[in-house]
Amino acid sequence: MPTPNALSPLDRFLAGFVRGADDECWLWRGEPSAKGYGRLRIGGRRQVYVHRFALELRLGRPLRDDEDALHSCDTPLCVNYVSHLRSGDQATNVADAVERDRLRKERCRRGHERTPENTRTRIDRRGYVERHCRDCERLR
Ligand SMILES: [Zn+2]
Ligand SMILES: [Zn+2]
């Protein structure tokens, strides 16, 4: 059992750099590896590179072992997952974009699945179709 006070890897990641503007480098403050990359302990002795961890946050999924996290800024210690990191796999980048697009279409803004049961459809005054998510309406 983790102790209640132990910070999660995400908390330690977020505490490990100073977030700047979206287009600036956010430099990891921890000790770099021999190759110049920042590292984060994620449980026991397991360590990950922080730029990979950052990109996984951005993508919302783990990187494959053969998938590189690339810096557009050529700064190994940068963890700016908003604009400086991307997957080195072009096919993956395209697939991620398609997947995000698909989810946007099939889910409401809060991420509820769009099904006939939870979608209320109406035509507004100008004749446009509006779709309302019943899950969201129940939350109000
Ligand atoms: Zn950068
Ligand atoms: Zn919803």
# chains A, B, ... in the order shown; residues from 1 in each chain; ligands from 1

$ select_by_dssp --residues "chain A" --states "helix (DSSP H, G or I)" --output "PyMOL selection string"
chain A and resi 9-15+50-59+90-106+134-139

$ residues_around --residues "A:Arg12" --least-positions-apart "4" --cutoff "9 Å" --atoms "only C-alpha atoms" --output "PDB file with C-alpha atoms, in the first residue's frame"
ATOM      1  CA  LEU A   7       3.208  11.875  -4.203  1.00  0.00           C
ATOM      2  CA  SER A   8       2.075  10.210  -7.390  1.00  0.00           C
ATOM      3  CA  GLY A  16       9.820  18.957 -11.335  1.00  0.00           C
ATOM      4  CA  LEU A  40      11.314  10.320 -13.097  1.00  0.00           C
ATOM      5  CA  ARG A  41      10.951   7.468 -10.649  1.00  0.00           C
TER       6      ARG A  41
END

$ closest_atom_pairs --of "stretch 86-140 of chain A" --to "stretch 46-57 of chain A" --cutoff "12 Å" --atoms "only C-alpha atoms" --output "CSV"
residue,atom,partner,partner_atom,distance
A:Arg86,CA,A:Leu55,CA,6.6
A:Ser87,CA,A:Leu55,CA,7.5
A:Gly88,CA,A:Leu55,CA,10.9
A:Asn93,CA,A:Leu55,CA,11.7
A:Asp96,CA,A:Glu56,CA,11.8

$ write_last_selection --atoms "N, CA and C atoms" --output "compact mmCIF listing (two decimals), in the first residue's frame"
# COMPACT_ATOMS: atom_id res chain seq x y z
N ARG A 86 6.51 15.57 -29.63
CA ARG A 86 5.60 14.82 -30.49
C ARG A 86 6.15 13.42 -30.66
N SER A 87 5.29 12.55 -31.09
CA SER A 87 5.72 11.18 -31.36
C SER A 87 6.56 11.16 -32.62
N GLY A 88 7.64 10.34 -32.61
CA GLY A 88 8.49 10.24 -33.78
C GLY A 88 7.89 9.39 -34.88
N ASN A 93 1.20 9.62 -35.27
CA ASN A 93 0.66 10.97 -35.16
C ASN A 93 -0.64 11.12 -35.91
N ASP A 96 -3.37 9.14 -34.12
CA ASP A 96 -3.85 9.84 -32.93
C ASP A 96 -4.81 10.95 -33.29

$ residues_near_ligand --ligand "ligand 2" --cutoff "10 Å" --atoms "only C-alpha atoms and all ligand atoms" --output "ChimeraX atom specification"
/A:107-114,118-119,132-139

$ write_last_selection --atoms "C-alpha atoms" --output "CSV table (one decimal), in the first residue's frame"
chain,number,residue,atom,x,y,z
A,107,ARG,CA,-18.7,11.8,-27.6
A,108,CYS,CA,-20.1,14.8,-26.0
A,109,ARG,CA,-17.8,17.6,-24.7
A,110,ARG,CA,-17.6,15.8,-21.4
A,111,GLY,CA,-16.7,12.5,-23.0
A,112,HIS,CA,-20.0,10.7,-22.7
A,113,GLU,CA,-20.6,8.3,-25.4
A,114,ARG,CA,-23.2,9.3,-28.0
A,118,ASN,CA,-28.5,9.3,-24.2
A,119,THR,CA,-28.8,11.7,-27.1
A,132,HIS,CA,-27.9,17.2,-26.3
A,133,CYS,CA,-26.3,14.7,-24.0
A,134,ARG,CA,-28.7,13.2,-21.4
A,135,ASP,CA,-25.8,12.2,-19.2
A,136,CYS,CA,-24.7,15.9,-19.0
A,137,GLU,CA,-28.3,17.0,-18.5
A,138,ARG,CA,-28.6,14.6,-15.5
A,139,LEU,CA,-25.4,16.2,-14.0

$ select_by_dssp --residues "chain A" --states "strand (DSSP E)" --output "PyMOL selection string"
chain A and resi 39-43+46-49+69-71+85-87+119-123+129-133

$ atom_distance --atom1 "atom CA of A:Ala21" --atom2 "atom 1 (Zn, counted along the ligand's line) of ligand 1"
10.6 Å

$ residues_near_ligand --ligand "ligand 1" --cutoff "10 Å" --atoms "only C-alpha atoms and all ligand atoms" --output "PyMOL selection string"
chain A and resi 22-27+51+71-85

$ atom_distance --atom1 "atom CA of A:Phe13" --atom2 "atom CA of A:Arg58"
13.3 Å

$ closest_residue --among "A:Glu67, A:Arg140, A:Glu31, A:Glu106" --to "A:Ala91" --atoms "only C-alpha atoms"
A:Glu67

$ residues_around --residues "A:Arg131" --least-positions-apart "5" --cutoff "8 Å" --atoms "only C-alpha atoms" --output "PDB file with N, CA and C atoms, in the first residue's frame"
ATOM      1  N   THR A 119     -28.871  10.539 -26.261  1.00  0.00           N
ATOM      2  CA  THR A 119     -28.821  11.735 -27.086  1.00  0.00           C
ATOM      3  C   THR A 119     -30.234  12.244 -27.356  1.00  0.00           C
ATOM      4  N   ARG A 120     -30.436  13.491 -26.971  1.00  0.00           N
ATOM      5  CA  ARG A 120     -31.719  14.122 -27.245  1.00  0.00           C
ATOM      6  C   ARG A 120     -31.509  15.019 -28.454  1.00  0.00           C
ATOM      7  N   THR A 121     -32.226  14.764 -29.508  1.00  0.00           N
ATOM      8  CA  THR A 121     -32.042  15.520 -30.738  1.00  0.00           C
ATOM      9  C   THR A 121     -33.218  16.449 -30.946  1.00  0.00           C
ATOM     10  N   ARG A 122     -32.919  17.672 -31.272  1.00  0.00           N
ATOM     11  CA  ARG A 122     -34.001  18.582 -31.594  1.00  0.00           C
ATOM     12  C   ARG A 122     -33.564  19.490 -32.734  1.00  0.00           C
TER      13      ARG A 122
END

$ atom_distance --atom1 "atom CA of A:Asp66" --atom2 "atom CA of A:Leu14"
25.3 Å
